[in-house]
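Asks: Input structure: data11.cif, which contains mmCIF, C-alpha atoms and all ligand atoms.
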data_protein
loop_
_atom_site.label_atom_id
_atom_site.label_comp_id
_atom_site.auth_asym_id
_atom_site.auth_seq_id
_atom_site.Cartn_x
_atom_site.Cartn_y
_atom_site.Cartn_z
CA MET A 293 67.92 82.03 156.85
CA ASN A 294 68.00 80.98 160.47
CA ALA A 295 67.26 77.26 160.24
CA ARG A 296 66.21 75.54 163.45
CA HIS A 297 64.74 72.28 162.22
CA VAL A 298 65.69 71.09 158.76
CA VAL A 299 63.71 68.20 157.30
CA VAL A 300 65.39 66.41 154.39
CA ILE A 301 63.15 64.31 152.15
CA GLY A 302 65.14 61.49 150.53
CA ALA A 303 68.09 59.55 151.88
CA GLY A 304 70.00 58.92 148.67
CA ILE A 305 73.56 60.14 148.30
CA VAL A 306 72.41 63.74 147.72
CA GLY A 307 69.94 64.02 150.61
CA ALA A 308 72.12 62.10 153.07
CA SER A 309 75.15 64.29 152.28
CA ILE A 310 73.17 67.50 152.74
CA ALA A 311 71.59 66.24 155.97
CA TRP A 312 75.00 65.35 157.38
CA ARG A 313 76.55 68.69 156.43
CA VAL A 314 73.65 70.60 157.98
CA ALA A 315 73.61 68.51 161.17
CA SER A 316 77.38 68.99 161.48
CA ARG A 317 76.62 72.68 161.88
CA GLY A 318 74.69 71.92 165.07
CA ILE A 319 71.26 72.23 163.47
CA ARG A 320 68.46 69.78 164.27
CA VAL A 321 67.87 67.51 161.27
CA THR A 322 65.27 64.90 160.37
CA ILE A 323 65.86 62.81 157.24
CA ILE A 324 62.97 60.77 155.87
CA ASP A 325 63.00 58.02 153.26
CA ARG A 326 60.06 55.97 152.10
CA GLY A 327 62.28 52.99 151.40
CA GLN A 328 65.74 51.73 152.18
CA PRO A 329 68.25 54.62 152.40
CA GLY A 330 70.45 54.58 149.32
CA GLY A 331 68.03 52.20 147.60
CA GLY A 332 66.99 54.65 144.83
CA ALA A 333 69.15 55.81 141.93
CA SER A 334 72.16 55.70 144.25
CA SER A 335 71.99 51.88 144.33
CA HIS A 336 71.93 51.65 140.51
CA SER A 337 74.76 54.07 139.91
CA PHE A 338 77.93 53.17 138.05
CA ALA A 339 79.43 55.63 140.55
CA TRP A 340 82.26 56.89 138.41
CA ILE A 341 83.61 60.15 139.81
CA ASN A 342 84.46 62.31 136.83
CA ALA A 343 84.35 65.71 135.22
CA GLY A 344 85.53 64.58 131.80
CA ALA A 345 82.07 63.80 130.48
CA LYS A 346 80.63 67.17 131.52
CA GLU A 347 80.09 70.37 129.58
CA PRO A 348 79.95 73.32 129.14
CA VAL A 349 83.04 74.44 131.02
CA GLY A 350 81.09 75.91 133.97
CA TYR A 351 79.39 72.58 134.64
CA HIS A 352 82.67 70.76 134.03
CA ASN A 353 84.32 73.00 136.65
CA LEU A 354 81.58 72.29 139.19
CA ASN A 355 82.07 68.56 138.70
CA ARG A 356 85.83 68.94 138.87
CA ARG A 357 85.61 70.91 142.07
CA SER A 358 83.47 68.16 143.58
CA LEU A 359 85.78 65.42 142.31
CA GLU A 360 88.67 67.13 144.05
CA MET A 361 86.65 67.44 147.27
CA TRP A 362 85.99 63.70 147.49
CA PRO A 363 89.09 62.68 149.51
CA ARG A 364 88.40 65.22 152.25
CA PHE A 365 84.67 64.47 152.19
CA ALA A 366 85.32 60.73 152.58
CA GLN A 367 87.88 61.33 155.31
CA ALA A 368 85.43 63.48 157.26
CA LEU A 369 82.83 60.71 156.98
CA GLY A 370 85.30 58.59 158.92
CA GLU A 371 84.34 55.24 157.37
CA ASP A 372 85.47 53.20 154.42
CA VAL A 373 83.36 54.14 151.39
CA ASP A 374 85.60 52.34 148.89
CA LEU A 375 86.86 55.56 147.37
CA ARG A 376 89.39 54.49 144.74
CA TRP A 377 91.47 56.55 142.38
CA GLY A 378 93.65 55.51 139.45
CA GLY A 379 91.78 57.11 136.59
CA LYS A 380 89.85 56.01 133.58
CA VAL A 381 90.99 54.65 130.23
CA SER A 382 89.03 54.65 127.02
CA TRP A 383 89.97 53.88 123.46
CA GLU A 384 88.44 53.77 120.01
CA SER A 385 89.08 51.52 117.05
CA ASP A 386 86.78 53.30 114.59
CA PRO A 387 88.51 56.29 112.87
CA ASP A 388 85.52 58.66 113.22
CA ALA A 389 85.07 57.81 116.89
CA ALA A 390 88.83 58.22 117.35
CA GLN A 391 88.67 61.71 115.84
CA ALA A 392 85.90 62.64 118.31
CA LEU A 393 87.98 61.25 121.18
CA VAL A 394 91.03 63.30 120.17
CA ALA A 395 88.89 66.44 119.90
CA ARG A 396 87.40 65.79 123.32
CA VAL A 397 90.84 65.31 124.89
CA GLN A 398 92.02 68.57 123.33
CA GLN A 399 88.98 70.40 124.67
CA LEU A 400 89.47 69.00 128.17
CA GLN A 401 93.14 69.90 128.06
CA SER A 402 92.22 73.46 127.09
CA TRP A 403 90.13 73.50 130.30
CA GLY A 404 93.23 72.34 132.21
CA TYR A 405 91.88 68.85 132.89
CA PRO A 406 94.52 66.15 133.37
CA THR A 407 93.58 63.88 130.50
CA ARG A 408 95.95 62.83 127.72
CA LEU A 409 96.26 60.69 124.63
CA VAL A 410 98.23 57.49 125.15
CA SER A 411 99.68 54.92 122.79
CA ARG A 412 98.42 51.36 122.62
CA GLU A 413 101.56 50.24 124.50
CA GLU A 414 101.02 52.78 127.26
CA LEU A 415 97.37 51.76 127.55
CA GLN A 416 98.42 48.13 127.96
CA GLU A 417 100.99 49.13 130.56
CA LEU A 418 98.40 51.16 132.46
CA GLU A 419 96.09 48.17 132.74
CA PRO A 420 97.78 44.88 131.85
CA ALA A 421 94.60 42.88 132.51
CA LEU A 422 92.94 44.27 129.37
CA ARG A 423 92.96 42.57 125.98
CA ILE A 424 93.26 45.55 123.69
CA GLY A 425 92.36 45.12 120.04
CA PRO A 426 93.03 47.69 117.33
CA VAL A 427 93.51 51.22 118.69
CA ALA A 428 92.88 54.31 116.57
CA ALA A 429 93.09 56.62 119.60
CA ALA A 430 93.30 56.07 123.36
CA GLU A 431 92.96 58.36 126.34
CA TYR A 432 93.82 58.29 130.03
CA SER A 433 92.17 60.60 132.57
CA GLU A 434 94.37 60.21 135.60
CA ASN A 435 92.29 61.97 138.26
CA GLU A 436 89.03 60.02 138.01
CA GLY A 437 87.82 57.34 140.37
CA GLN A 438 84.94 55.49 141.94
CA VAL A 439 83.09 55.20 145.24
CA GLU A 440 80.31 53.02 146.68
CA PRO A 441 77.22 55.26 147.01
CA GLN A 442 75.43 52.98 149.45
CA MET A 443 78.45 52.96 151.76
CA VAL A 444 78.48 56.76 151.56
CA VAL A 445 74.79 56.91 152.49
CA GLY A 446 75.38 54.46 155.35
CA ALA A 447 78.29 56.55 156.66
CA CYS A 448 76.26 59.79 156.46
CA LEU A 449 73.42 58.19 158.41
CA ASN A 450 75.82 56.84 161.04
CA ARG A 451 77.26 60.32 161.55
CA LEU A 452 73.73 61.77 161.60
CA ARG A 453 72.69 59.39 164.39
CA GLU A 454 75.80 60.37 166.37
CA LEU A 455 74.71 63.99 165.96
CA GLU A 456 71.29 62.98 167.33
CA ALA A 457 69.49 63.63 164.07
CA SER A 458 66.30 61.66 163.39
CA VAL A 459 66.69 59.09 160.64
CA VAL A 460 63.21 57.98 159.61
CA THR A 461 62.91 55.13 157.09
CA GLY A 462 59.94 53.30 155.60
CA VAL A 463 57.88 56.51 155.92
CA GLU A 464 56.57 58.31 152.87
CA VAL A 465 56.07 62.04 152.50
CA THR A 466 52.51 62.51 151.26
CA GLY A 467 52.04 66.27 151.49
CA LEU A 468 53.61 69.63 152.31
CA ARG A 469 51.46 72.04 154.32
CA LYS A 470 51.98 75.72 153.54
CA ASP A 471 51.18 78.68 155.77
CA SER A 472 49.71 82.02 154.73
CA GLN A 473 53.18 83.31 153.79
CA ASP A 474 53.72 80.45 151.33
CA ARG A 475 56.22 78.73 153.58
CA VAL A 476 56.11 75.00 154.21
CA SER A 477 55.22 74.68 157.88
CA ALA A 478 54.86 70.91 158.08
CA VAL A 479 55.84 67.80 156.20
CA GLN A 480 52.94 65.34 156.08
CA THR A 481 53.93 61.69 156.17
CA THR A 482 52.39 58.27 156.45
CA ASN A 483 53.49 58.47 160.10
CA GLY A 484 52.07 61.89 160.95
CA ASP A 485 53.11 65.51 160.45
CA ILE A 486 56.57 66.90 161.14
CA ASP A 487 57.03 70.63 161.74
CA ALA A 488 59.86 72.17 159.75
CA ASP A 489 61.68 75.48 159.41
CA VAL A 490 63.41 74.40 156.21
CA VAL A 491 62.47 71.48 153.95
CA VAL A 492 65.04 70.01 151.57
CA VAL A 493 63.55 68.02 148.71
CA ALA A 494 66.18 65.52 147.62
CA ALA A 495 63.81 62.78 146.55
CA GLY A 496 65.59 61.85 143.30
CA THR A 497 63.17 61.07 140.48
CA ALA A 498 60.28 61.73 142.91
CA THR A 499 61.48 65.31 143.46
CA THR A 500 59.06 66.55 140.79
CA ALA A 501 56.07 65.03 142.60
CA VAL A 502 57.21 66.01 146.10
CA ALA A 503 58.06 69.62 145.16
CA ALA A 504 54.67 69.87 143.42
CA MET A 505 53.04 69.23 146.82
CA ALA A 506 54.15 72.81 147.64
CA GLY A 507 53.36 74.18 144.18
CA VAL A 508 57.01 74.12 143.10
CA HIS A 509 57.68 73.15 139.48
CA VAL A 510 60.79 70.98 138.96
CA PRO A 511 60.41 69.26 135.59
CA GLN A 512 62.39 66.14 134.82
CA ALA A 513 63.02 63.95 131.82
CA GLU A 514 63.00 60.19 131.85
CA SER A 515 66.43 58.63 131.88
CA PRO A 516 66.46 54.86 132.36
CA GLY A 517 69.80 53.10 132.62
CA VAL A 518 70.97 49.53 133.09
CA VAL A 519 74.19 48.49 134.81
CA ILE A 520 74.46 44.75 135.36
CA ARG A 521 76.64 42.92 137.89
CA THR A 522 78.63 39.74 137.77
CA SER A 523 79.22 37.08 140.38
CA PRO A 524 82.16 37.96 142.70
CA MET A 525 85.55 37.63 141.03
CA PRO A 526 89.10 37.98 142.30
CA PRO A 527 90.62 41.42 141.71
CA LEU A 528 90.78 41.86 137.92
CA LEU A 529 91.62 45.52 137.36
CA HIS A 530 94.85 46.35 139.09
CA HIS A 531 95.70 49.94 138.20
CA VAL A 532 92.85 51.71 136.46
CA PRO A 533 89.43 51.25 138.09
CA ILE A 534 87.24 52.64 135.27
CA VAL A 535 87.39 51.19 131.75
CA TYR A 536 85.50 52.30 128.65
CA ALA A 537 86.01 49.87 125.78
CA PRO A 538 84.88 50.31 122.17
CA PRO A 539 82.28 48.13 120.45
CA LEU A 540 83.74 45.20 118.57
CA GLU A 541 80.81 44.97 116.15
CA ASP A 542 79.10 47.60 114.00
CA GLY A 543 75.92 49.07 115.41
CA ARG A 544 76.87 48.35 119.03
CA ARG A 545 77.78 50.89 121.70
CA GLU A 546 80.85 51.04 123.90
CA ILE A 547 80.79 49.28 127.24
CA HIS A 548 82.04 50.49 130.60
CA LEU A 549 83.09 48.44 133.57
CA ARG A 550 84.46 48.63 137.07
CA GLN A 551 84.90 46.26 140.01
CA CYS A 552 83.11 46.67 143.37
CA PRO A 553 84.69 45.93 146.76
CA ASP A 554 82.80 42.60 146.99
CA GLY A 555 84.49 41.46 143.76
CA ARG A 556 81.42 41.89 141.54
CA LEU A 557 81.92 43.79 138.32
CA MET A 558 79.47 46.43 137.12
CA ILE A 559 79.01 46.55 133.35
CA GLY A 560 77.01 49.10 131.39
CA GLU A 561 76.61 50.05 127.76
CA GLY A 562 76.99 53.45 126.11
CA ASP A 563 77.84 56.52 128.17
CA GLN A 564 76.58 57.89 131.47
CA GLU A 565 73.40 59.21 129.95
CA SER A 566 72.54 56.46 127.49
CA LEU A 567 68.96 55.31 127.66
CA ALA A 568 68.63 51.57 128.33
CA GLU A 569 65.72 49.50 129.52
CA ASP A 570 66.62 45.92 128.73
CA ASP A 571 67.18 44.31 132.10
CA SER A 572 66.74 40.74 130.87
CA GLN A 573 69.09 37.86 131.61
CA ALA A 574 69.82 37.61 127.86
CA HIS A 575 71.01 41.22 127.77
CA ALA A 576 73.09 40.73 130.92
CA ASP A 577 74.69 37.63 129.36
CA ASP A 578 75.43 39.61 126.20
CA LEU A 579 77.05 42.48 128.12
CA LEU A 580 79.19 40.05 130.08
CA ALA A 581 80.26 38.24 126.90
CA ARG A 582 81.30 41.56 125.35
CA ALA A 583 83.14 42.61 128.51
CA CYS A 584 84.93 39.26 128.51
CA GLN A 585 86.41 40.05 125.12
CA HIS A 586 88.17 43.06 126.67
CA LEU A 587 88.85 41.58 130.09
CA PRO A 588 89.54 37.85 129.67
CA GLY A 589 89.82 37.40 133.45
CA LEU A 590 86.02 37.61 133.50
CA LYS A 591 85.77 34.13 132.00
CA GLY A 592 83.73 31.93 134.32
CA ALA A 593 81.80 34.86 135.84
CA ALA A 594 78.01 34.71 135.90
CA ALA A 595 75.95 37.69 134.68
CA VAL A 596 73.45 39.01 137.22
CA PRO A 597 70.74 41.21 135.69
CA VAL A 598 69.80 44.34 137.64
CA PRO A 599 66.42 46.06 137.19
CA VAL A 600 66.38 49.33 135.27
CA GLY A 601 67.64 52.30 137.30
CA TRP A 602 66.02 55.69 136.75
CA ARG A 603 68.41 58.61 136.84
CA PRO A 604 67.13 61.77 138.51
CA MET A 605 67.34 64.00 135.44
CA PRO A 606 66.40 67.68 135.49
CA LEU A 607 64.72 68.63 132.22
CA ASP A 608 67.80 70.38 130.81
CA GLY A 609 70.27 67.93 132.38
CA TYR A 610 71.76 70.40 134.87
CA PRO A 611 71.37 70.50 138.67
CA VAL A 612 68.42 72.22 140.30
CA MET A 613 69.68 73.72 143.57
CA GLY A 614 68.26 76.40 145.78
CA PHE A 615 65.25 77.82 147.60
CA ALA A 616 62.07 77.90 145.53
CA ARG A 617 60.27 81.08 144.64
CA GLU A 618 56.87 79.47 145.25
CA ALA A 619 57.76 78.22 148.76
CA SER A 620 60.61 80.25 150.20
CA ASN A 621 61.81 77.74 152.82
CA LEU A 622 61.76 74.77 150.44
CA TYR A 623 65.21 73.92 149.12
CA VAL A 624 65.38 71.79 145.97
CA ALA A 625 68.37 69.45 145.50
CA LEU A 626 68.02 67.50 142.27
CA THR A 627 70.87 66.46 140.02
CA HIS A 628 72.26 63.98 137.59
CA SER A 629 75.82 62.82 138.40
CA GLY A 630 74.93 63.05 142.06
CA VAL A 631 77.74 60.69 143.00
CA THR A 632 80.38 62.97 141.56
CA LEU A 633 78.60 66.08 142.76
CA ALA A 634 77.58 65.13 146.33
CA PRO A 635 80.58 66.72 148.12
CA ALA A 636 80.26 70.10 146.38
CA LEU A 637 76.48 70.34 146.21
CA SER A 638 76.04 69.32 149.85
CA GLN A 639 78.59 71.93 150.94
CA LEU A 640 76.88 74.63 148.90
CA ALA A 641 73.42 73.64 150.12
CA ALA A 642 74.58 73.72 153.75
CA LEU A 643 76.08 77.17 153.19
CA GLU A 644 72.80 78.47 151.85
CA ILE A 645 70.59 76.71 154.40
CA CYS A 646 72.67 77.31 157.53
CA ASP A 647 74.24 80.70 156.81
CA GLY A 648 71.57 82.29 154.66
CA ALA A 649 74.27 82.85 152.04
CA ARG A 650 73.63 82.78 148.31
CA ALA A 651 76.32 81.00 146.37
CA ASP A 652 75.13 82.64 143.16
CA ALA A 653 78.52 82.70 141.47
CA VAL A 654 78.47 78.89 141.46
CA LEU A 655 74.79 77.95 141.66
CA GLY A 656 73.35 80.87 139.68
CA PRO A 657 72.78 78.83 136.50
CA TYR A 658 71.14 76.02 138.46
CA ARG A 659 68.33 77.77 140.33
CA PRO A 660 64.83 76.27 140.38
CA GLU A 661 63.25 79.49 139.08
CA ARG A 662 64.57 78.81 135.58
CA PHE A 663 61.60 76.46 135.27
CA VAL A 664 58.94 78.75 136.75
CA SER A 665 57.46 79.91 133.47
CA VAL A 666 58.30 76.95 131.31
CA THR A 667 55.52 76.26 128.82
CA ALA A 668 55.13 72.88 127.16
CA GLU A 669 56.67 74.22 123.95
CA ARG A 670 59.63 75.77 125.74
CA ALA A 671 60.07 72.58 127.77
CA SER A 672 60.72 70.56 124.63
CA GLN A 673 63.40 73.09 123.59
CA MET A 674 65.08 72.94 126.99
CA GLU A 675 65.03 69.21 127.12
CA HIS A 676 68.30 67.46 127.62
CA PRO A 677 69.13 65.85 124.27
CA ARG A 678 69.95 62.51 125.87
CA ALA A 679 66.74 62.04 127.83
CA ARG A 680 63.04 61.48 127.13
CA HIS A 681 60.26 63.86 127.98
CA ARG A 682 58.02 62.55 130.76
C1 LIG B 1 72.28 53.56 135.79
C2 LIG B 1 72.86 54.79 136.47
C3 LIG B 1 74.21 55.09 136.34
C4 LIG B 1 74.74 56.23 136.94
N1 LIG B 1 76.09 56.46 136.86
C5 LIG B 1 76.63 57.53 137.50
C6 LIG B 1 78.03 57.73 137.51
O1 LIG B 1 78.80 56.94 136.97
N2 LIG B 1 78.52 58.83 138.14
C7 LIG B 1 77.70 59.72 138.79
O2 LIG B 1 78.20 60.70 139.36
N3 LIG B 1 76.37 59.54 138.80
C8 LIG B 1 75.82 58.48 138.18
N4 LIG B 1 74.47 58.27 138.20
C9 LIG B 1 73.63 59.30 138.81
C10 LIG B 1 73.62 59.20 140.33
O3 LIG B 1 73.55 57.85 140.73
C11 LIG B 1 72.45 59.98 140.87
O4 LIG B 1 72.55 61.34 140.44
C12 LIG B 1 72.39 59.97 142.39
O5 LIG B 1 72.41 58.65 142.88
C13 LIG B 1 71.14 60.68 142.84
O6 LIG B 1 71.05 60.60 144.22
P1 LIG B 1 69.78 61.17 144.95
O7 LIG B 1 70.06 61.12 146.41
O8 LIG B 1 69.41 62.48 144.36
O9 LIG B 1 68.59 60.20 144.52
P2 LIG B 1 68.20 58.74 145.03
O10 LIG B 1 69.38 57.90 145.31
O11 LIG B 1 67.19 58.20 144.09
O12 LIG B 1 67.50 59.04 146.45
C14 LIG B 1 66.22 59.61 146.55
C15 LIG B 1 65.52 58.99 147.75
O13 LIG B 1 64.28 59.67 147.96
C16 LIG B 1 63.37 58.75 148.50
N5 LIG B 1 62.01 59.27 148.25
C17 LIG B 1 61.42 59.52 147.06
N6 LIG B 1 60.17 59.97 147.26
C18 LIG B 1 59.94 60.02 148.59
C19 LIG B 1 58.84 60.39 149.41
N7 LIG B 1 57.66 60.81 148.88
N8 LIG B 1 58.96 60.28 150.76
C20 LIG B 1 60.14 59.86 151.31
N9 LIG B 1 61.21 59.48 150.57
C21 LIG B 1 61.13 59.57 149.24
C22 LIG B 1 63.65 57.47 147.71
O14 LIG B 1 63.21 56.33 148.42
C23 LIG B 1 65.17 57.52 147.54
O15 LIG B 1 65.86 56.75 148.52
C24 LIG B 1 73.91 57.11 137.66
C25 LIG B 1 72.55 56.79 137.84
C26 LIG B 1 72.03 55.65 137.25
C27 LIG B 1 70.58 55.30 137.49
#
Starting from the file, give its structure as structure tokens.
Replies:
Amino acid sequence: MNARHVVVIGAGIVGASIAWRVASRGIRVTIIDRGQPGGGASSHSFAWINAGAKEPVGYHNLNRRSLEMWPRFAQALGEDVDLRWGGKVSWESDPDAAQALVARVQQLQSWGYPTRLVSREELQELEPALRIGPVAAAEYSENEGQVEPQMVVGACLNRLRELEASVVTGVEVTGLRKDSQDRVSAVQTTNGDIDADVVVVAAGTATTAVAAMAGVHVPQAESPGVVIRTSPMPPLLHHVPIVYAPPLEDGRREIHLRQCPDGRLMIGEGDQESLAEDDSQAHADDLLARACQHLPGLKGAAAVPVPVGWRPMPLDGYPVMGFAREASNLYVALTHSGVTLAPALSQLAALEICDGARADAVLGPYRPERFVSVTAERASQMEHPRARHR
């Protein structure tokens, strides 16, 4: 496809990355966001770059490829985005949970992923700041890391402005006008119409509604998550930036934590897809108290509740990437784990948009048309087990 003017709807980490990649190819780009760029799911993200929590192996490999692209992606952005490596540790004290952890490590190792079981002593050596209770099994994934999504969005937009792209904020897309050949000819906004040769819909949770404006069906599930913050603290984690610690009481879930560049810690409960909606101060205080038991340096921190964040979550949990059958110049870019996946998915999208290529060997399983004839009954079968039907 010969793209002359590409309009990207949504300036989260996914849309901003795609816009920057496309503009870098010398193509005219307009990126539109109805709010603050990076203020959607990207601002709520725990922002752990990983492939260890992903399956089956094809999806794991896509995440791994993107993880490995992050250093070059960040370097090309040319600004600090607080990309930090050092890995992730997790451990279990419950024997059943420990068995599951060992099995998971073995599976990841069979996929060639650099994760390994470690002893309690090694775990303590890896991150001396932790207070580690009983350990039935522990794991270290050495290649994982973290980044600040809003800094990434900011850097993409800075590069876009240098490339003379239009960055339009505070303007909402309200409609997509199609021509007689079922192509989107104009993006209708609260600030007037914008002509487009290609339209990228990267509107996060609103992708379903925006794509529907052109008759494109992109079903999602509801996936609320809560990651609280603390008041700024001196550096607490010295070697390993991402920590998953087991529950200390029955009936509770594990907690995960990391420290941001401003010294605040982010603390969440469960895994990266756990549903959580309690954004009260009491819940934030509880999470902090539990984190304090594992990281005593947190003593004296204040818990800052953060409103629920809604993960963009395709119905079956996997990315939706590619031109739509119902509107041939509309490119859908919707994914969970968008922080991990931004480097790879933006590169692939740019390849398809700018060069007219089809990266089917990688994106084949993730095309929008898999949802074209999804009936309500089939939808419930496809549904990602860790999300709620909308
Ligand atoms: C609690 C939580 C924890 C997470 N943890 C991780 C993690 O550890 N690792 C990881 O890789 N991923 C994680 N994720 C997922 C990741 O954050 C998202 O996949 C990613 O941020 C999605 O980026 P996006 O650009 O698609 O969406 P968003 O950041 O939501 O951006 C979409 C943008 O579209 C704009 N928009 C919507 N509708 C319109 C319209 N009509 N007109 C104009 N603009 C519009 C919005 O204003 C928004 O800015 C987490 C997400 C959450 C919520």
Asks: Counting all atoms listed in the file, which of A:Trp377, A:Trp403, A:Trp602, A:Trp312 gets nearest to A:Gly344?
Replies: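 Of the candidates, the smallest distance to A:Gly344 is held by A:Trp403.
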Asks: Enter the distance from atom CA of A:Pro604 to atom CA of A:Glu347, in Å, rounded to one decimal.
Replies: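 Result for atom CA of A:Pro604 versus atom CA of A:Glu347: 17.9 Å, one decimal.
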Asks: May I have the residues within 12 Å of A:Val444 as a PyMOL selection string, using all atoms listed in the file and disregarding those fewer than 6 positions away in the same chain?
Replies: chain A and resi 303-309+312+329-330+334-335+339+362+365-375+438+450-451+630-632+634-635
Asks: Under the rule that all atoms listed in the file are counted, which of A:Ser629, A:Thr482, A:Gln573, A:Gln416 is the nearest residue to ligand LIG 1 (chain B)?
Replies: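 Of A:Ser629, A:Thr482, A:Gln573, A:Gln416, the one nearest ligand LIG 1 (chain B), counting all atoms listed in the file, is A:Ser629.
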Asks: Can you list every residue of chain A that has an atom at most 7 Å from ligand LIG 1 (chain B), with its nearest atom pair and the distance in Å to one decimal, using all atoms listed in the file, ordered by chain then number, as a Markdown table?
Replies:
| residue | atom | partner | partner_atom | distance |
| --- | --- | --- | --- | --- |
| A:Ile301 | CA | B:LIG1 | C20 | 5.4 |
| A:Gly302 | CA | B:LIG1 | O13 | 3.3 |
| A:Ala303 | CA | B:LIG1 | C15 | 4.9 |
| A:Gly304 | CA | B:LIG1 | O7 | 3.2 |
| A:Ile305 | CA | B:LIG1 | O7 | 4.1 |
| A:Val306 | CA | B:LIG1 | O7 | 3.8 |
| A:Gly307 | CA | B:LIG1 | O7 | 5.1 |
| A:Ile324 | CA | B:LIG1 | C20 | 5.4 |
| A:Asp325 | CA | B:LIG1 | N9 | 3.5 |
| A:Arg326 | CA | B:LIG1 | C20 | 4.0 |
| A:Gly327 | CA | B:LIG1 | O14 | 4.6 |
| A:Gln328 | CA | B:LIG1 | O15 | 6.2 |
| A:Pro329 | CA | B:LIG1 | O15 | 5.0 |
| A:Gly330 | CA | B:LIG1 | O15 | 5.1 |
| A:Gly331 | CA | B:LIG1 | O15 | 5.1 |
| A:Gly332 | CA | B:LIG1 | O11 | 3.6 |
| A:Ala333 | CA | B:LIG1 | O11 | 3.8 |
| A:Ser334 | CA | B:LIG1 | O5 | 3.3 |
| A:Ser335 | CA | B:LIG1 | O10 | 6.6 |
| A:His336 | CA | B:LIG1 | C27 | 4.9 |
| A:Ser337 | CA | B:LIG1 | C4 | 3.7 |
| A:Phe338 | CA | B:LIG1 | N1 | 4.0 |
| A:Ala339 | CA | B:LIG1 | O1 | 3.9 |
| A:Trp340 | CA | B:LIG1 | O1 | 3.7 |
| A:Ile341 | CA | B:LIG1 | O2 | 5.5 |
| A:Asn342 | CA | B:LIG1 | O2 | 6.9 |
| A:Val463 | CA | B:LIG1 | C20 | 6.1 |
| A:Glu464 | CA | B:LIG1 | N8 | 3.7 |
| A:Val465 | CA | B:LIG1 | N8 | 3.8 |
| A:Thr466 | CA | B:LIG1 | N7 | 5.9 |
| A:Ala494 | CA | B:LIG1 | O8 | 5.5 |
| A:Ala495 | CA | B:LIG1 | O13 | 3.4 |
| A:Gly496 | CA | B:LIG1 | O9 | 3.6 |
| A:Thr497 | CA | B:LIG1 | O11 | 6.1 |
| A:Ala498 | CA | B:LIG1 | N6 | 4.7 |
| A:Thr499 | CA | B:LIG1 | N6 | 6.7 |
| A:Val502 | CA | B:LIG1 | N7 | 5.9 |
| A:Pro516 | CA | B:LIG1 | C27 | 6.6 |
| A:Gly517 | CA | B:LIG1 | C1 | 4.1 |
| A:Val518 | CA | B:LIG1 | C1 | 5.0 |
| A:Val519 | CA | B:LIG1 | C1 | 5.5 |
| A:Gln564 | CA | B:LIG1 | N1 | 5.6 |
| A:Gly601 | CA | B:LIG1 | C27 | 4.2 |
| A:Trp602 | CA | B:LIG1 | C27 | 4.6 |
| A:Arg603 | CA | B:LIG1 | C27 | 4.0 |
| A:Pro604 | CA | B:LIG1 | O4 | 5.8 |
| A:Leu626 | CA | B:LIG1 | O8 | 5.6 |
| A:Thr627 | CA | B:LIG1 | O4 | 5.4 |
| A:His628 | CA | B:LIG1 | O4 | 3.9 |
| A:Ser629 | CA | B:LIG1 | O2 | 3.3 |
| A:Gly630 | CA | B:LIG1 | O4 | 3.3 |
| A:Val631 | CA | B:LIG1 | O2 | 3.7 |
| A:Thr632 | CA | B:LIG1 | O2 | 3.8 |
| A:Leu633 | CA | B:LIG1 | O2 | 6.4 |
Asks: Taking all atoms listed in the file into account, name the residue in A:Ala636, A:Ala447, A:Leu549, A:Val394 that is nearest to A:Tyr536.
Replies: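 For A:Tyr536, the nearest of the given residues is A:Leu549.
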Asks: Write out as an NGL selection string each polymer residue whose atoms come within 12 Å of stretch 384-390 of chain A, counting all atoms listed in the file; drop sequence neighbours fewer than 5 positions from it.
Replies: :A and (395-397 or 409-412 or 415 or 424-431 or 536-547)
Asks: List as a list in words the protein and nucleic acid residues near stretch 651-668 of chain A, meaning an atom at most 8 Å away when all atoms listed in the file are counted, but skip any in the same chain fewer than 3 places from it.
Replies: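 The neighbour list is Leu354, His509, Val510, Pro511, Tyr610, Pro611, Val612, Met613, Gly614, Phe615, Ala616, Arg617, Val624, Leu640, Leu643, Glu644, Ala671 and Ser672 of chain A.
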Asks: To one decimal in Å, tell me the separation between atom CA of A:Gly318 and atom CA of A:Leu455.
Replies: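 According to the coordinates, atom CA of A:Gly318 and atom CA of A:Leu455 are separated by 8.0 Å.
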Asks: Can you work out which one of A:Glu565, A:Asp554, A:Glu514, A:Asp489 has the shortest atom-to-atom distance to A:Pro527, counting only C-alpha atoms?
Replies: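 Selected residue with least distance to A:Pro527: A:Asp554.
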Asks: Could you check how far atom CA of A:Lys380 sits from atom CA of A:Ala421, in Å to one decimal?
Replies: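 If I compute the distance from atom CA of A:Lys380 to atom CA of A:Ala421, I get 14.0 Å.
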Asks: Can you tell me, as a list in words, what residues are no more than 12 Å from A:Pro553 when counting all atoms listed in the file, ignoring any on the same chain fewer than 2 positions away?
Replies: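 Returned residues: Asp372, Val373, Asp374, Leu375, Arg376, Gln438, Val439, Glu440, Pro441, Gln442, Met443, Pro524, Met525, Pro526, Pro527, Leu528, Leu529, Pro533, Arg550, Gln551, Gly555, Arg556, Leu557 and Met558 of chain A.
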Asks: Calculated over only C-alpha atoms, which of the candidates A:Met361, A:Ile319, A:Ala457, A:Val300 has the smallest distance to A:Cys646?
Replies: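 The answer is A:Ile319, which sits nearest to A:Cys646.
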Asks: Would you please work out which residue, of A:Ser638, A:Ser477, A:Asn621, A:Thr500, is nearest to A:Ala315 when using only C-alpha atoms?
Replies: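 Looking at the shortest contact to A:Ala315, the residue is A:Ser638.
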